[in-house]
Amino acid sequence: MTLSSHLEELRKKHQHLSDAVEEALKSPSSDDLEIVKLKKQKLQIKEEITRLSTH
């Protein structure tokens, strides 16, 4: 896998997590711990994208 394809996959995962967080925030039955977990995953992916993009 090339760096650019890896970055593209990470961006897709990041967008998917963004969508999941938005949906969870709209749902009154959503679990706060699940939202926090999704946000942490999203942040980790963003940090990895940033790290790989700067090298």
# chains A, B, ... in the order shown; residues from 1 in each chain; ligands from 1
call {"tool": "residues_around", "arguments": {"residues": "stretch 34-40 of chain A", "least_positions_apart": "2", "cutoff": "12 Å", "atoms": "only C-alpha atoms", "output": "PDB file with all heavy atoms, in the first residue's frame"}}
result
ATOM      1  N   LYS A  13     -11.883   6.606   6.887  1.00  0.00           N
ATOM      2  CA  LYS A  13     -12.231   6.163   8.247  1.00  0.00           C
ATOM      3  C   LYS A  13     -12.593   7.364   9.120  1.00  0.00           C
ATOM      4  O   LYS A  13     -13.547   7.303   9.903  1.00  0.00           O
ATOM      5  CB  LYS A  13     -11.075   5.386   8.879  1.00  0.00           C
ATOM      6  CG  LYS A  13     -10.865   4.017   8.312  1.00  0.00           C
ATOM      7  CD  LYS A  13      -9.703   3.321   8.997  1.00  0.00           C
ATOM      8  CE  LYS A  13      -9.424   1.974   8.385  1.00  0.00           C
ATOM      9  NZ  LYS A  13      -8.302   1.289   9.017  1.00  0.00           N
ATOM     10  N   HIS A  14     -11.822   8.441   8.983  1.00  0.00           N
ATOM     11  CA  HIS A  14     -12.078   9.649   9.760  1.00  0.00           C
ATOM     12  C   HIS A  14     -13.461  10.203   9.427  1.00  0.00           C
ATOM     13  O   HIS A  14     -14.219  10.575  10.326  1.00  0.00           O
ATOM     14  CB  HIS A  14     -10.987  10.686   9.472  1.00  0.00           C
ATOM     15  CG  HIS A  14     -11.075  11.912  10.314  1.00  0.00           C
ATOM     16  ND1 HIS A  14     -11.747  13.036   9.905  1.00  0.00           N
ATOM     17  CD2 HIS A  14     -10.590  12.187  11.551  1.00  0.00           C
ATOM     18  CE1 HIS A  14     -11.668  13.949  10.852  1.00  0.00           C
ATOM     19  NE2 HIS A  14     -10.969  13.463  11.861  1.00  0.00           N
ATOM     20  N   GLN A  15     -13.804  10.251   8.153  1.00  0.00           N
ATOM     21  CA  GLN A  15     -15.119  10.744   7.744  1.00  0.00           C
ATOM     22  C   GLN A  15     -16.231   9.834   8.256  1.00  0.00           C
ATOM     23  O   GLN A  15     -17.268  10.310   8.718  1.00  0.00           O
ATOM     24  CB  GLN A  15     -15.194  10.871   6.218  1.00  0.00           C
ATOM     25  CG  GLN A  15     -16.495  11.482   5.741  1.00  0.00           C
ATOM     26  CD  GLN A  15     -16.759  12.859   6.310  1.00  0.00           C
ATOM     27  OE1 GLN A  15     -15.889  13.715   6.280  1.00  0.00           O
ATOM     28  NE2 GLN A  15     -17.939  13.083   6.857  1.00  0.00           N
ATOM     29  N   HIS A  16     -16.009   8.538   8.186  1.00  0.00           N
ATOM     30  CA  HIS A  16     -16.998   7.581   8.685  1.00  0.00           C
ATOM     31  C   HIS A  16     -17.239   7.790  10.188  1.00  0.00           C
ATOM     32  O   HIS A  16     -18.390   7.793  10.647  1.00  0.00           O
ATOM     33  CB  HIS A  16     -16.536   6.146   8.418  1.00  0.00           C
ATOM     34  CG  HIS A  16     -17.432   5.108   8.986  1.00  0.00           C
ATOM     35  ND1 HIS A  16     -18.674   4.820   8.464  1.00  0.00           N
ATOM     36  CD2 HIS A  16     -17.281   4.305  10.061  1.00  0.00           C
ATOM     37  CE1 HIS A  16     -19.244   3.880   9.202  1.00  0.00           C
ATOM     38  NE2 HIS A  16     -18.416   3.551  10.175  1.00  0.00           N
ATOM     39  N   LEU A  17     -16.162   8.003  10.935  1.00  0.00           N
ATOM     40  CA  LEU A  17     -16.295   8.250  12.367  1.00  0.00           C
ATOM     41  C   LEU A  17     -16.998   9.577  12.630  1.00  0.00           C
ATOM     42  O   LEU A  17     -17.810   9.681  13.556  1.00  0.00           O
ATOM     43  CB  LEU A  17     -14.934   8.224  13.055  1.00  0.00           C
ATOM     44  CG  LEU A  17     -14.314   6.842  13.211  1.00  0.00           C
ATOM     45  CD1 LEU A  17     -12.859   6.957  13.643  1.00  0.00           C
ATOM     46  CD2 LEU A  17     -15.097   6.007  14.208  1.00  0.00           C
ATOM     47  N   SER A  18     -16.719  10.586  11.815  1.00  0.00           N
ATOM     48  CA  SER A  18     -17.402  11.880  11.955  1.00  0.00           C
ATOM     49  C   SER A  18     -18.907  11.698  11.781  1.00  0.00           C
ATOM     50  O   SER A  18     -19.699  12.237  12.556  1.00  0.00           O
ATOM     51  CB  SER A  18     -16.890  12.876  10.914  1.00  0.00           C
ATOM     52  OG  SER A  18     -15.585  13.252  11.185  1.00  0.00           O
ATOM     53  N   ASP A  19     -19.270  10.942  10.761  1.00  0.00           N
ATOM     54  CA  ASP A  19     -20.684  10.670  10.517  1.00  0.00           C
ATOM     55  C   ASP A  19     -21.318   9.901  11.675  1.00  0.00           C
ATOM     56  O   ASP A  19     -22.437  10.198  12.100  1.00  0.00           O
ATOM     57  CB  ASP A  19     -20.862   9.883   9.215  1.00  0.00           C
ATOM     58  CG  ASP A  19     -20.441  10.670   7.985  1.00  0.00           C
ATOM     59  OD1 ASP A  19     -20.325  11.918   8.067  1.00  0.00           O
ATOM     60  OD2 ASP A  19     -20.218  10.034   6.935  1.00  0.00           O
ATOM     61  N   ALA A  20     -20.576   8.932  12.207  1.00  0.00           N
ATOM     62  CA  ALA A  20     -21.089   8.132  13.325  1.00  0.00           C
ATOM     63  C   ALA A  20     -21.282   8.997  14.569  1.00  0.00           C
ATOM     64  O   ALA A  20     -22.276   8.845  15.293  1.00  0.00           O
ATOM     65  CB  ALA A  20     -20.138   6.976  13.619  1.00  0.00           C
ATOM     66  N   VAL A  21     -20.355   9.912  14.820  1.00  0.00           N
ATOM     67  CA  VAL A  21     -20.478  10.818  15.978  1.00  0.00           C
ATOM     68  C   VAL A  21     -21.699  11.709  15.798  1.00  0.00           C
ATOM     69  O   VAL A  21     -22.495  11.879  16.735  1.00  0.00           O
ATOM     70  CB  VAL A  21     -19.194  11.667  16.165  1.00  0.00           C
ATOM     71  CG1 VAL A  21     -19.420  12.792  17.152  1.00  0.00           C
ATOM     72  CG2 VAL A  21     -18.045  10.786  16.621  1.00  0.00           C
ATOM     73  N   GLU A  22     -21.875  12.259  14.607  1.00  0.00           N
ATOM     74  CA  GLU A  22     -23.041  13.120  14.357  1.00  0.00           C
ATOM     75  C   GLU A  22     -24.343  12.370  14.583  1.00  0.00           C
ATOM     76  O   GLU A  22     -25.260  12.890  15.211  1.00  0.00           O
ATOM     77  CB  GLU A  22     -22.998  13.656  12.923  1.00  0.00           C
ATOM     78  CG  GLU A  22     -22.129  14.875  12.763  1.00  0.00           C
ATOM     79  CD  GLU A  22     -22.298  15.510  11.394  1.00  0.00           C
ATOM     80  OE1 GLU A  22     -23.452  15.696  10.947  1.00  0.00           O
ATOM     81  OE2 GLU A  22     -21.270  15.815  10.788  1.00  0.00           O
ATOM     82  N   GLU A  23     -24.424  11.159  14.065  1.00  0.00           N
ATOM     83  CA  GLU A  23     -25.636  10.353  14.236  1.00  0.00           C
ATOM     84  C   GLU A  23     -25.878  10.041  15.719  1.00  0.00           C
ATOM     85  O   GLU A  23     -27.003  10.104  16.192  1.00  0.00           O
ATOM     86  CB  GLU A  23     -25.545   9.054  13.432  1.00  0.00           C
ATOM     87  CG  GLU A  23     -25.742   9.251  11.960  1.00  0.00           C
ATOM     88  CD  GLU A  23     -27.087   9.874  11.615  1.00  0.00           C
ATOM     89  OE1 GLU A  23     -28.124   9.421  12.137  1.00  0.00           O
ATOM     90  OE2 GLU A  23     -27.086  10.839  10.827  1.00  0.00           O
ATOM     91  N   ALA A  24     -24.809   9.701  16.426  1.00  0.00           N
ATOM     92  CA  ALA A  24     -24.942   9.374  17.849  1.00  0.00           C
ATOM     93  C   ALA A  24     -25.402  10.594  18.645  1.00  0.00           C
ATOM     94  O   ALA A  24     -26.208  10.468  19.572  1.00  0.00           O
ATOM     95  CB  ALA A  24     -23.627   8.845  18.393  1.00  0.00           C
ATOM     96  N   LEU A  25     -24.913  11.779  18.280  1.00  0.00           N
ATOM     97  CA  LEU A  25     -25.314  12.993  18.993  1.00  0.00           C
ATOM     98  C   LEU A  25     -26.778  13.338  18.728  1.00  0.00           C
ATOM     99  O   LEU A  25     -27.443  13.922  19.584  1.00  0.00           O
ATOM    100  CB  LEU A  25     -24.410  14.160  18.585  1.00  0.00           C
ATOM    101  CG  LEU A  25     -22.975  14.093  19.097  1.00  0.00           C
ATOM    102  CD1 LEU A  25     -22.132  15.194  18.470  1.00  0.00           C
ATOM    103  CD2 LEU A  25     -22.933  14.187  20.610  1.00  0.00           C
ATOM    104  N   LYS A  26     -27.285  12.969  17.567  1.00  0.00           N
ATOM    105  CA  LYS A  26     -28.688  13.238  17.228  1.00  0.00           C
ATOM    106  C   LYS A  26     -29.635  12.273  17.919  1.00  0.00           C
ATOM    107  O   LYS A  26     -30.794  12.602  18.136  1.00  0.00           O
ATOM    108  CB  LYS A  26     -28.895  13.133  15.715  1.00  0.00           C
ATOM    109  CG  LYS A  26     -28.234  14.236  14.930  1.00  0.00           C
ATOM    110  CD  LYS A  26     -28.464  14.031  13.445  1.00  0.00           C
ATOM    111  CE  LYS A  26     -27.702  15.028  12.612  1.00  0.00           C
ATOM    112  NZ  LYS A  26     -27.861  14.752  11.176  1.00  0.00           N
ATOM    113  N   SER A  27     -29.139  11.099  18.254  1.00  0.00           N
ATOM    114  CA  SER A  27     -29.987  10.064  18.837  1.00  0.00           C
ATOM    115  C   SER A  27     -30.098  10.234  20.353  1.00  0.00           C
ATOM    116  O   SER A  27     -29.084  10.238  21.048  1.00  0.00           O
ATOM    117  CB  SER A  27     -29.397   8.694  18.529  1.00  0.00           C
ATOM    118  OG  SER A  27     -30.126   7.693  19.185  1.00  0.00           O
ATOM    119  N   SER A  29     -31.047   8.146  22.461  1.00  0.00           N
ATOM    120  CA  SER A  29     -30.702   6.917  23.177  1.00  0.00           C
ATOM    121  C   SER A  29     -29.217   6.569  23.066  1.00  0.00           C
ATOM    122  O   SER A  29     -28.808   5.494  23.472  1.00  0.00           O
ATOM    123  CB  SER A  29     -31.531   5.756  22.630  1.00  0.00           C
ATOM    124  OG  SER A  29     -31.207   5.535  21.267  1.00  0.00           O
ATOM    125  N   SER A  30     -28.426   7.484  22.522  1.00  0.00           N
ATOM    126  CA  SER A  30     -27.007   7.187  22.350  1.00  0.00           C
ATOM    127  C   SER A  30     -26.281   7.167  23.694  1.00  0.00           C
ATOM    128  O   SER A  30     -26.635   7.871  24.629  1.00  0.00           O
ATOM    129  CB  SER A  30     -26.355   8.198  21.415  1.00  0.00           C
ATOM    130  OG  SER A  30     -26.414   9.481  21.970  1.00  0.00           O
ATOM    131  N   ASP A  31     -25.267   6.341  23.741  1.00  0.00           N
ATOM    132  CA  ASP A  31     -24.463   6.159  24.947  1.00  0.00           C
ATOM    133  C   ASP A  31     -23.302   7.152  24.941  1.00  0.00           C
ATOM    134  O   ASP A  31     -22.528   7.203  23.987  1.00  0.00           O
ATOM    135  CB  ASP A  31     -23.946   4.725  24.955  1.00  0.00           C
ATOM    136  CG  ASP A  31     -23.099   4.399  26.165  1.00  0.00           C
ATOM    137  OD1 ASP A  31     -23.119   5.169  27.139  1.00  0.00           O
ATOM    138  OD2 ASP A  31     -22.430   3.354  26.133  1.00  0.00           O
ATOM    139  N   ASP A  32     -23.188   7.945  25.988  1.00  0.00           N
ATOM    140  CA  ASP A  32     -22.118   8.949  26.066  1.00  0.00           C
ATOM    141  C   ASP A  32     -20.732   8.318  25.977  1.00  0.00           C
ATOM    142  O   ASP A  32     -19.828   8.883  25.366  1.00  0.00           O
ATOM    143  CB  ASP A  32     -22.228   9.765  27.350  1.00  0.00           C
ATOM    144  CG  ASP A  32     -23.409  10.729  27.329  1.00  0.00           C
ATOM    145  OD1 ASP A  32     -23.933  11.014  26.237  1.00  0.00           O
ATOM    146  OD2 ASP A  32     -23.789  11.199  28.415  1.00  0.00           O
ATOM    147  N   LYS A  42     -11.467   8.936  16.289  1.00  0.00           N
ATOM    148  CA  LYS A  42     -11.387   9.971  15.263  1.00  0.00           C
ATOM    149  C   LYS A  42     -10.125  10.819  15.459  1.00  0.00           C
ATOM    150  O   LYS A  42      -9.402  11.098  14.500  1.00  0.00           O
ATOM    151  CB  LYS A  42     -12.653  10.835  15.330  1.00  0.00           C
ATOM    152  CG  LYS A  42     -12.768  11.858  14.261  1.00  0.00           C
ATOM    153  CD  LYS A  42     -14.082  12.616  14.424  1.00  0.00           C
ATOM    154  CE  LYS A  42     -14.010  13.912  13.692  1.00  0.00           C
ATOM    155  NZ  LYS A  42     -15.127  14.777  13.964  1.00  0.00           N
ATOM    156  N   LEU A  43      -9.839  11.200  16.686  1.00  0.00           N
ATOM    157  CA  LEU A  43      -8.666  12.006  16.991  1.00  0.00           C
ATOM    158  C   LEU A  43      -7.378  11.242  16.684  1.00  0.00           C
ATOM    159  O   LEU A  43      -6.429  11.801  16.119  1.00  0.00           O
ATOM    160  CB  LEU A  43      -8.680  12.452  18.447  1.00  0.00           C
ATOM    161  CG  LEU A  43      -7.499  13.297  18.904  1.00  0.00           C
ATOM    162  CD1 LEU A  43      -7.403  14.585  18.089  1.00  0.00           C
ATOM    163  CD2 LEU A  43      -7.618  13.615  20.378  1.00  0.00           C
ATOM    164  N   GLN A  44      -7.336   9.961  17.030  1.00  0.00           N
ATOM    165  CA  GLN A  44      -6.145   9.157  16.757  1.00  0.00           C
ATOM    166  C   GLN A  44      -5.884   9.083  15.254  1.00  0.00           C
ATOM    167  O   GLN A  44      -4.731   9.198  14.813  1.00  0.00           O
ATOM    168  CB  GLN A  44      -6.305   7.747  17.326  1.00  0.00           C
ATOM    169  CG  GLN A  44      -6.213   7.702  18.829  1.00  0.00           C
ATOM    170  CD  GLN A  44      -6.533   6.328  19.387  1.00  0.00           C
ATOM    171  OE1 GLN A  44      -7.214   5.513  18.752  1.00  0.00           O
ATOM    172  NE2 GLN A  44      -6.063   6.066  20.595  1.00  0.00           N
ATOM    173  N   ILE A  45      -6.929   8.914  14.476  1.00  0.00           N
ATOM    174  CA  ILE A  45      -6.775   8.854  13.024  1.00  0.00           C
ATOM    175  C   ILE A  45      -6.312  10.198  12.489  1.00  0.00           C
ATOM    176  O   ILE A  45      -5.410  10.268  11.648  1.00  0.00           O
ATOM    177  CB  ILE A  45      -8.084   8.391  12.350  1.00  0.00           C
ATOM    178  CG1 ILE A  45      -8.323   6.913  12.663  1.00  0.00           C
ATOM    179  CG2 ILE A  45      -8.019   8.615  10.840  1.00  0.00           C
ATOM    180  CD1 ILE A  45      -9.645   6.379  12.181  1.00  0.00           C
ATOM    181  N   LYS A  46      -6.891  11.274  12.999  1.00  0.00           N
ATOM    182  CA  LYS A  46      -6.478  12.602  12.544  1.00  0.00           C
ATOM    183  C   LYS A  46      -5.000  12.846  12.857  1.00  0.00           C
ATOM    184  O   LYS A  46      -4.259  13.386  12.034  1.00  0.00           O
ATOM    185  CB  LYS A  46      -7.336  13.682  13.185  1.00  0.00           C
ATOM    186  CG  LYS A  46      -6.988  15.064  12.686  1.00  0.00           C
ATOM    187  CD  LYS A  46      -7.924  16.110  13.200  1.00  0.00           C
ATOM    188  CE  LYS A  46      -7.514  17.457  12.631  1.00  0.00           C
ATOM    189  NZ  LYS A  46      -8.508  18.451  12.811  1.00  0.00           N
ATOM    190  N   GLU A  47      -4.565  12.445  14.046  1.00  0.00           N
ATOM    191  CA  GLU A  47      -3.161  12.613  14.421  1.00  0.00           C
ATOM    192  C   GLU A  47      -2.250  11.801  13.513  1.00  0.00           C
ATOM    193  O   GLU A  47      -1.187  12.261  13.115  1.00  0.00           O
ATOM    194  CB  GLU A  47      -2.953  12.225  15.886  1.00  0.00           C
ATOM    195  CG  GLU A  47      -3.543  13.229  16.851  1.00  0.00           C
ATOM    196  CD  GLU A  47      -3.509  12.768  18.297  1.00  0.00           C
ATOM    197  OE1 GLU A  47      -3.296  11.564  18.561  1.00  0.00           O
ATOM    198  OE2 GLU A  47      -3.707  13.620  19.171  1.00  0.00           O
TER     199      GLU A  47
END
call {"tool": "atom_distance", "arguments": {"atom1": "atom CA of A:Leu7", "atom2": "atom CA of A:Ile49"}}
result
6.2 Å
call {"tool": "select_by_dssp", "arguments": {"residues": "chain A", "states": "alpha helix (DSSP H)", "output": "ChimeraX atom specification"}}
result
/A:3-26,32-53
call {"tool": "atom_distance", "arguments": {"atom1": "atom CA of A:Pro28", "atom2": "atom CA of A:Gln41"}}
result
21.6 Å
call {"tool": "residues_around", "arguments": {"residues": "A:Leu3", "least_positions_apart": "4", "cutoff": "12 Å", "atoms": "only C-alpha atoms", "output": "ChimeraX atom specification"}}
result
/A:7-10,48-49,51-55
